[in-house]
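As stored in upload14.txt (compact mmCIF, C-alpha atoms and all ligand atoms):
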# COMPACT_ATOMS: atom_id res chain seq x y z
CA MET F 1 8.88 -6.14 23.97
CA THR F 2 9.82 -8.64 21.34
CA LEU F 3 7.65 -10.90 19.24
CA ASN F 4 8.14 -14.54 20.16
CA GLY F 5 7.28 -15.99 16.78
CA LYS F 6 6.99 -15.12 13.12
CA VAL F 7 5.21 -12.40 11.25
CA MET F 8 2.90 -13.70 8.53
CA VAL F 9 2.85 -11.36 5.53
CA THR F 10 -0.04 -11.99 3.14
CA GLY F 11 0.60 -10.62 -0.33
CA GLY F 12 4.32 -10.69 0.45
CA ALA F 13 5.07 -11.47 -3.21
CA GLY F 14 3.37 -8.24 -4.31
CA TYR F 15 4.51 -4.64 -4.48
CA ILE F 16 4.02 -3.19 -1.00
CA GLY F 17 4.08 -6.58 0.74
CA SER F 18 7.52 -7.49 -0.63
CA HIS F 19 8.91 -4.21 0.73
CA ALA F 20 7.35 -4.91 4.13
CA VAL F 21 9.05 -8.31 4.08
CA LEU F 22 12.41 -6.58 3.48
CA ALA F 23 11.79 -4.05 6.26
CA LEU F 24 10.82 -6.82 8.72
CA LEU F 25 13.83 -8.99 7.84
CA ASP F 26 16.17 -5.99 8.00
CA ALA F 27 14.78 -5.25 11.49
CA GLY F 28 15.48 -8.83 12.61
CA TYR F 29 11.99 -10.35 12.45
CA GLN F 30 11.28 -13.84 11.13
CA VAL F 31 8.78 -13.88 8.30
CA VAL F 32 6.47 -16.31 6.55
CA VAL F 33 4.91 -15.08 3.31
CA VAL F 34 1.45 -16.29 2.32
CA ASP F 35 0.64 -15.53 -1.31
CA ASN F 36 -1.24 -17.36 -4.07
CA LEU F 37 0.79 -15.61 -6.80
CA VAL F 38 -2.25 -14.39 -8.73
CA THR F 39 -0.62 -10.98 -9.15
CA GLY F 40 2.63 -11.43 -7.19
CA PHE F 41 5.91 -13.12 -8.15
CA ASP F 42 7.76 -15.74 -6.12
CA TRP F 43 11.09 -14.14 -7.10
CA ALA F 44 9.95 -10.98 -5.30
CA VAL F 45 10.08 -12.81 -1.95
CA ASP F 46 13.40 -12.41 -0.17
CA GLU F 47 15.02 -15.81 0.35
CA ARG F 48 15.38 -15.21 4.09
CA ALA F 49 11.56 -15.52 4.37
CA ALA F 50 9.58 -18.76 4.34
CA PHE F 51 6.99 -18.96 1.55
CA VAL F 52 3.63 -20.75 1.38
CA ASN F 53 1.55 -20.68 -1.81
CA ILE F 54 -1.99 -20.55 -0.43
CA ALA F 55 -4.97 -18.18 -0.61
CA VAL F 56 -5.68 -16.15 2.53
CA GLU F 57 -9.24 -17.49 2.73
CA ASP F 58 -8.07 -21.12 2.68
CA PRO F 59 -8.70 -22.78 6.08
CA GLY F 60 -5.21 -24.28 5.65
CA VAL F 61 -3.90 -20.87 6.76
CA ARG F 62 -4.57 -22.11 10.31
CA ASP F 63 -1.96 -24.84 9.77
CA VAL F 64 0.51 -22.23 8.49
CA ILE F 65 -0.09 -20.12 11.60
CA ARG F 66 0.59 -23.13 13.84
CA ALA F 67 3.55 -24.51 11.87
CA HIS F 68 5.32 -21.16 11.83
CA ASP F 69 4.29 -20.00 15.27
CA VAL F 70 2.78 -16.82 13.83
CA LYS F 71 2.33 -14.05 16.38
CA ALA F 72 1.39 -11.19 14.03
CA ILE F 73 -0.23 -10.85 10.63
CA MET F 74 0.40 -8.09 8.12
CA HIS F 75 -2.34 -8.36 5.53
CA PHE F 76 -1.52 -6.93 2.10
CA ALA F 77 -3.16 -9.50 -0.20
CA GLY F 78 -6.13 -8.18 -2.13
CA SER F 79 -7.33 -6.54 -5.31
CA VAL F 80 -6.31 -2.93 -5.87
CA VAL F 81 -7.57 -1.56 -9.19
CA VAL F 82 -10.24 1.08 -8.54
CA PRO F 83 -11.94 1.11 -12.00
CA GLU F 84 -12.10 -2.69 -11.95
CA SER F 85 -13.85 -2.50 -8.57
CA VAL F 86 -16.55 -0.40 -10.22
CA SER F 87 -17.13 -2.86 -13.08
CA ASP F 88 -16.73 -6.01 -10.94
CA PRO F 89 -17.68 -5.06 -7.37
CA LEU F 90 -18.26 -8.63 -6.23
CA LYS F 91 -14.64 -9.50 -7.02
CA TYR F 92 -13.63 -6.79 -4.51
CA TYR F 93 -16.10 -7.84 -1.85
CA ARG F 94 -14.82 -11.42 -2.32
CA ASN F 95 -11.03 -10.83 -2.57
CA ASN F 96 -10.88 -7.99 -0.07
CA THR F 97 -13.80 -8.20 2.35
CA ALA F 98 -14.83 -11.89 2.39
CA ALA F 99 -11.30 -13.29 2.07
CA THR F 100 -10.16 -11.04 4.90
CA ARG F 101 -13.06 -12.20 7.05
CA SER F 102 -11.83 -15.78 6.63
CA LEU F 103 -8.25 -14.76 7.40
CA ILE F 104 -9.32 -12.94 10.57
CA GLU F 105 -11.33 -16.02 11.57
CA SER F 106 -8.19 -18.16 11.21
CA ALA F 107 -6.23 -15.60 13.20
CA VAL F 108 -8.78 -15.52 16.02
CA ALA F 109 -9.09 -19.33 16.09
CA GLU F 110 -5.32 -19.64 16.48
CA GLY F 111 -5.04 -16.79 18.98
CA VAL F 112 -2.85 -14.51 16.85
CA PRO F 113 -2.51 -11.39 19.00
CA HIS F 114 -1.68 -8.68 16.42
CA PHE F 115 -3.07 -7.74 13.00
CA ILE F 116 -1.92 -4.95 10.66
CA PHE F 117 -4.13 -4.10 7.73
CA SER F 118 -3.47 -2.31 4.42
CA SER F 119 -6.22 0.24 4.24
CA THR F 120 -6.52 3.19 1.92
CA ALA F 121 -7.29 6.88 1.53
CA ALA F 122 -10.10 5.66 -0.76
CA THR F 123 -12.09 5.05 2.45
CA TYR F 124 -12.62 8.85 2.62
CA GLY F 125 -14.10 9.21 -0.87
CA THR F 126 -14.17 12.84 -1.96
CA PRO F 127 -12.81 14.68 1.07
CA GLU F 128 -14.62 17.64 2.56
CA ARG F 129 -11.28 19.20 3.47
CA VAL F 130 -7.57 18.68 2.85
CA PRO F 131 -5.35 17.59 4.54
CA ILE F 132 -7.56 14.70 5.62
CA ALA F 133 -7.57 13.52 9.25
CA GLU F 134 -8.52 10.02 10.37
CA GLY F 135 -11.75 11.17 12.02
CA ASP F 136 -13.04 12.89 8.87
CA PRO F 137 -16.09 11.36 7.13
CA LYS F 138 -15.56 7.98 5.50
CA ALA F 139 -17.69 7.94 2.35
CA PRO F 140 -16.03 5.72 -0.27
CA ILE F 141 -17.01 6.50 -3.85
CA ASN F 142 -16.03 3.09 -5.24
CA PRO F 143 -16.29 -0.58 -4.17
CA TYR F 144 -12.52 -0.76 -3.62
CA GLY F 145 -12.67 1.84 -0.84
CA MET F 146 -15.84 0.29 0.58
CA SER F 147 -14.34 -3.22 0.59
CA LYS F 148 -11.45 -1.89 2.70
CA LEU F 149 -13.66 0.17 5.00
CA MET F 150 -15.80 -2.90 5.71
CA THR F 151 -12.64 -4.70 6.77
CA GLU F 152 -11.77 -1.84 9.12
CA PHE F 153 -15.18 -2.29 10.76
CA MET F 154 -14.66 -6.05 11.09
CA LEU F 155 -11.32 -5.51 12.78
CA ARG F 156 -12.80 -2.94 15.17
CA ASP F 157 -15.48 -5.40 16.26
CA VAL F 158 -13.11 -8.38 16.45
CA SER F 159 -10.63 -6.48 18.61
CA ALA F 160 -13.47 -5.58 20.98
CA ALA F 161 -14.48 -9.24 21.29
CA HIS F 162 -11.16 -11.13 21.17
CA PRO F 163 -7.61 -10.67 22.48
CA MET F 164 -6.29 -9.29 19.21
CA ASN F 165 -5.27 -5.67 18.66
CA HIS F 166 -4.91 -4.17 15.22
CA CYS F 167 -3.67 -1.22 13.23
CA CYS F 168 -5.29 -0.06 9.99
CA LEU F 169 -2.87 1.95 7.91
CA ARG F 170 -4.61 4.16 5.36
CA TYR F 171 -2.18 4.57 2.49
CA PHE F 172 -2.13 7.64 0.30
CA ASN F 173 -0.22 7.27 -3.04
CA VAL F 174 2.51 4.68 -2.73
CA ALA F 175 5.39 4.90 -5.19
CA GLY F 176 9.11 4.24 -5.66
CA ALA F 177 11.09 1.07 -5.05
CA ASP F 178 13.60 -0.38 -2.61
CA PRO F 179 16.63 1.98 -2.78
CA GLU F 180 18.91 -1.09 -2.80
CA GLY F 181 17.14 -2.46 -5.87
CA ARG F 182 15.82 -5.61 -4.16
CA SER F 183 12.16 -5.06 -5.08
CA GLY F 184 9.83 -2.66 -6.83
CA GLN F 185 6.50 -2.33 -8.62
CA SER F 186 6.39 -5.28 -11.03
CA THR F 187 2.64 -5.72 -11.48
CA VAL F 188 1.57 -6.15 -15.09
CA GLY F 189 -0.79 -3.49 -16.45
CA ALA F 190 -0.14 -0.96 -13.68
CA THR F 191 -2.21 2.22 -13.75
CA HIS F 192 -0.45 4.42 -11.20
CA LEU F 193 1.04 7.70 -12.32
CA ILE F 194 4.71 7.34 -11.31
CA LYS F 195 4.86 3.76 -12.60
CA ILE F 196 3.29 4.86 -15.92
CA ALA F 197 5.72 7.78 -16.17
CA VAL F 198 8.84 5.63 -15.66
CA GLU F 199 7.46 3.13 -18.17
CA ALA F 200 7.27 6.03 -20.63
CA ALA F 201 10.83 7.03 -19.71
CA THR F 202 12.12 3.53 -20.49
CA GLY F 203 10.30 3.37 -23.84
CA LYS F 204 7.49 1.02 -22.80
CA ARG F 205 4.94 3.74 -23.58
CA ASP F 206 5.00 6.74 -25.86
CA GLY F 207 3.82 9.30 -23.33
CA VAL F 208 1.59 9.86 -20.33
CA GLY F 209 -2.07 10.80 -20.37
CA VAL F 210 -2.89 13.67 -17.99
CA PHE F 211 -6.36 12.90 -16.70
CA GLY F 212 -8.03 16.27 -16.20
CA THR F 213 -6.66 19.80 -16.42
CA ASP F 214 -9.62 21.68 -14.96
CA PHE F 215 -9.47 20.72 -11.28
CA GLU F 216 -9.44 23.47 -8.68
CA THR F 217 -5.75 23.00 -7.97
CA ARG F 218 -2.72 25.21 -8.60
CA ASP F 219 -2.22 24.01 -12.18
CA GLY F 220 -5.58 22.31 -12.85
CA THR F 221 -4.27 18.73 -12.51
CA GLY F 222 -4.89 16.28 -9.66
CA VAL F 223 -2.83 16.62 -6.47
CA ARG F 224 -1.72 13.56 -4.49
CA ASP F 225 0.45 12.76 -1.47
CA TYR F 226 3.14 10.40 -2.83
CA ILE F 227 4.87 8.27 -0.17
CA HIS F 228 7.99 6.17 -0.76
CA VAL F 229 7.19 2.47 -0.47
CA SER F 230 10.20 1.84 1.81
CA ASP F 231 9.07 4.53 4.27
CA LEU F 232 5.63 2.92 4.22
CA ALA F 233 7.15 -0.51 4.84
CA GLU F 234 9.05 0.85 7.84
CA ALA F 235 5.81 2.35 9.17
CA HIS F 236 4.42 -1.19 9.30
CA VAL F 237 7.35 -2.37 11.39
CA ALA F 238 6.90 0.57 13.77
CA ALA F 239 3.15 -0.11 13.98
CA LEU F 240 3.88 -3.73 14.88
CA LYS F 241 6.14 -2.59 17.73
CA LEU F 242 3.33 -0.40 19.04
CA LEU F 243 0.81 -3.26 18.93
CA VAL F 244 3.22 -5.53 20.82
CA ASP F 245 4.02 -2.87 23.41
CA ARG F 246 0.38 -1.88 24.01
CA PRO F 247 -1.78 -5.00 23.73
CA GLY F 248 -5.04 -3.31 24.67
CA GLU F 249 -4.90 -0.63 21.98
CA SER F 250 -5.84 -0.52 18.32
CA HIS F 251 -5.18 2.30 15.86
CA VAL F 252 -6.16 3.73 12.50
CA LEU F 253 -3.46 5.91 10.95
CA ASN F 254 -2.99 7.83 7.71
CA CYS F 255 0.24 7.10 5.85
CA GLY F 256 1.42 10.06 3.84
CA TYR F 257 3.89 12.92 4.06
CA GLY F 258 1.28 15.66 4.43
CA ARG F 259 2.10 17.46 1.17
CA GLY F 260 0.90 17.03 -2.37
CA PHE F 261 2.20 17.22 -5.92
CA SER F 262 0.16 17.75 -9.07
CA VAL F 263 0.33 15.42 -12.07
CA LEU F 264 2.34 18.05 -13.98
CA GLU F 265 4.75 18.50 -11.05
CA VAL F 266 5.32 14.74 -10.99
CA LEU F 267 6.00 14.68 -14.73
CA ASP F 268 8.39 17.64 -14.39
CA ALA F 269 10.28 15.67 -11.71
CA VAL F 270 10.47 12.66 -14.06
CA ASP F 271 11.86 14.93 -16.80
CA ARG F 272 14.53 16.30 -14.45
CA VAL F 273 15.57 12.84 -13.25
CA THR F 274 15.68 11.31 -16.74
CA ASN F 275 16.83 14.34 -18.77
CA LEU F 276 13.97 13.57 -21.13
CA THR F 277 10.78 15.39 -22.00
CA ILE F 278 7.97 12.92 -21.44
CA GLU F 279 5.06 13.66 -23.76
CA ARG F 280 2.00 14.94 -21.85
CA LYS F 281 -1.26 13.94 -23.50
CA LEU F 282 -3.88 16.21 -21.99
CA GLN F 283 -7.19 14.39 -21.54
CA GLY F 284 -10.51 14.65 -19.75
CA ARG F 285 -10.96 13.62 -16.12
CA ARG F 286 -10.96 9.98 -15.11
CA PRO F 287 -14.31 9.10 -13.49
CA GLY F 288 -14.20 9.21 -9.70
CA ASP F 289 -10.93 11.16 -9.32
CA PRO F 290 -11.02 13.76 -6.53
CA ALA F 291 -9.03 16.97 -7.09
CA GLU F 292 -6.76 16.62 -4.09
CA LEU F 293 -5.84 13.90 -1.57
CA VAL F 294 -3.29 14.86 1.05
CA ALA F 295 -2.85 13.22 4.44
CA ASP F 296 -2.93 14.92 7.77
CA ASN F 297 -0.12 12.75 9.13
CA SER F 298 0.11 14.23 12.63
CA ALA F 299 -1.44 11.11 14.23
CA ILE F 300 1.04 8.62 12.78
CA LEU F 301 3.99 10.89 13.59
CA LYS F 302 3.05 11.05 17.25
CA THR F 303 1.73 7.50 17.66
CA ILE F 304 4.42 5.23 16.24
CA ASP F 305 8.21 5.45 16.32
CA TRP F 306 8.60 6.41 12.67
CA THR F 307 10.46 9.17 10.91
CA PRO F 308 10.01 9.32 7.14
CA LYS F 309 13.42 9.27 5.45
CA ARG F 310 12.56 9.50 1.78
CA ASP F 311 10.20 12.49 1.46
CA ASP F 312 11.74 13.60 -1.83
CA LEU F 313 9.77 13.37 -5.08
CA GLU F 314 12.85 13.13 -7.30
CA GLY F 315 14.28 10.39 -5.08
CA ILE F 316 11.01 8.44 -5.35
CA VAL F 317 11.14 8.80 -9.14
CA ARG F 318 14.83 7.80 -9.25
CA ASP F 319 14.16 4.59 -7.29
CA ALA F 320 11.09 3.78 -9.42
CA LEU F 321 13.12 4.34 -12.59
CA ALA F 322 16.04 2.19 -11.43
CA TRP F 323 13.62 -0.67 -10.75
CA GLU F 324 11.86 -0.17 -14.09
CA ARG F 325 15.20 -0.52 -15.88
CA LYS F 326 15.96 -3.70 -13.95
CA LEU F 327 12.55 -5.09 -14.83
CA ALA F 328 13.11 -4.29 -18.51
CA GLU F 329 16.38 -6.29 -18.41
CA ARG F 330 14.64 -9.21 -16.67
CA GLN F 331 11.88 -9.24 -19.27
CA GLY F 332 14.45 -8.93 -22.08
N1 LIG F 401 -3.03 10.15 -13.48
C1 LIG F 401 -2.80 10.67 -14.74
N2 LIG F 401 -2.35 9.81 -15.71
C2 LIG F 401 -2.13 8.49 -15.50
C3 LIG F 401 -2.35 7.96 -14.20
C4 LIG F 401 -2.80 8.83 -13.21
O1 LIG F 401 -2.99 11.85 -14.98
O2 LIG F 401 -1.72 7.78 -16.44
C5 LIG F 401 -3.47 11.06 -12.40
C6 LIG F 401 -4.76 10.68 -11.72
O3 LIG F 401 -5.87 11.24 -12.42
C7 LIG F 401 -4.56 11.26 -10.33
C8 LIG F 401 -3.06 11.11 -10.09
O4 LIG F 401 -2.49 10.98 -11.40
O5 LIG F 401 -4.83 12.67 -10.32
C9 LIG F 401 -2.71 9.85 -9.29
O6 LIG F 401 -3.40 8.73 -9.87
P1 LIG F 401 -2.98 7.25 -9.54
O7 LIG F 401 -3.77 6.36 -10.49
O8 LIG F 401 -1.51 7.12 -9.56
O9 LIG F 401 -3.45 7.03 -8.05
P2 LIG F 401 -4.87 7.31 -7.32
O10 LIG F 401 -4.74 8.66 -6.68
O11 LIG F 401 -5.95 7.23 -8.35
O12 LIG F 401 -4.95 6.23 -6.30
Re-express the file's structure as structure tokens.
Amino acid sequence: MTLNGKVMVTGGAGYIGSHAVLALLDAGYQVVVVDNLVTGFDWAVDERAAFVNIAVEDPGVRDVIRAHDVKAIMHFAGSVVVPESVSDPLKYYRNNTAATRSLIESAVAEGVPHFIFSSTAATYGTPERVPIAEGDPKAPINPYGMSKLMTEFMLRDVSAAHPMNHCCLRYFNVAGADPEGRSGQSTVGATHLIKIAVEAATGKRDGVGVFGTDFETRDGTGVRDYIHVSDLAEAHVAALKLLVDRPGESHVLNCGYGRGFSVLEVLDAVDRVTNLTIERKLQGRRPGDPAELVADNSAILKTIDWTPKRDDLEGIVRDALAWERKLAERQG
């Protein structure tokens, strides 16, 4: 079945959202981006998409839905810095939970039939076992994860009460950039490992702190499941097709490759790609970091029509590095 209308992408000027916009446009969908540019950039929005500068909680979103004949929403807008969520929890419950409640209200009022939500592995907290399956305990250890889990609950209840199905995609560690160089991670003050490492490789930093060397992992450093942002973007398009094809069903799916790399393995990959030796500054653990987060991805592989194409750590680093170099040129 096809979608007879546009896809609204909130946060489409941000990192993951801008890649979803590209994947949707490349697949032939029409897109309207809703973004208030607090952390995103208007130049990150592909010119084939319409753009409206408005906050997701603004009741004017209803007008956007009507004007653009929106038939599905992909909701990326929100705050994403875990330590900040600990020091300023109300910002997260406002920007993530409360703002999303308003957006869902607009969607229900206008009869939007499909909703795809950016959720997170942080909903699991410290996992009891790895790889983590969707049905495993959800016990967030920070307000960021809780703010997203609360949204999952809202969507569950709304889909039971109204003709709107949804898919919550729980992202593991998203990294890399569009292989064609059209978008990438541009956020100022990023904290994520691969972004930090390519910043070090391009001279923006003088090394990389390794947060904890005494975890119970193969080399003592934290293990994560790094997924290429373009594979993740394509998963959203496949999830949308499923929601359109099966109107009565909603889903919650992990997004990862099902394998992990340690911090030192990531830095070794960066060294190989760049032919440099990035300085490793061994430090104590960062508060709240679990030893290992790896997705059980069997559900997503059998539920949506999606085959990951970029499960290659060096390829992820190469794409992230190419974008970092482009960004350095842009910023002079
Ligand atoms: N990490 C690190 N140095 C950094 C940033 C991250 O050692 O400068 C580690 C972090 O402790 C974790 C892994 O890299 O084990 C991934 O962290 P990131 O912040 O990228 O994502 P998270 O898993 O926290 O969402």
Q: Using only C-alpha atoms and all ligand atoms, find each residue with an atom at most 7 Å away from ligand LIG 401 (chain F) and format the answer as a PyMOL selection string.
A: chain F and resi 173+191-194+196+208-212+221-224+263+285-286+289+291
Q) In Å, with one decimal, what is the gap from atom CA of F:His236 to atom CA of F:Met74? A) 8.1 Å
Q. Leaving out F:Ile104 and any residue of its chain fewer than 5 positions from it, which residues lie within 10 Å of it when counting all atoms listed in the file, given as a PyMOL selection string?
A. chain F and resi 56-57+73+75+98-99+109-110+112+115+151+154-155+158+164
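Residue nearest F:Lys281, chosen from F:Leu242, F:Ala67, F:Ala197, F:Ala320 and counting all atoms listed in the file: F:Ala197.
Ranking F:His166, F:Arg129, F:Arg318, F:Arg62 by their shortest atom-to-atom distance to F:Val252, with all atoms listed in the file included, puts F:His166 first.
Using only C-alpha atoms, the nearest neighbour of F:Ile16 within the list F:Val198, F:Ala233, F:Met150, F:Val31 is F:Ala233.
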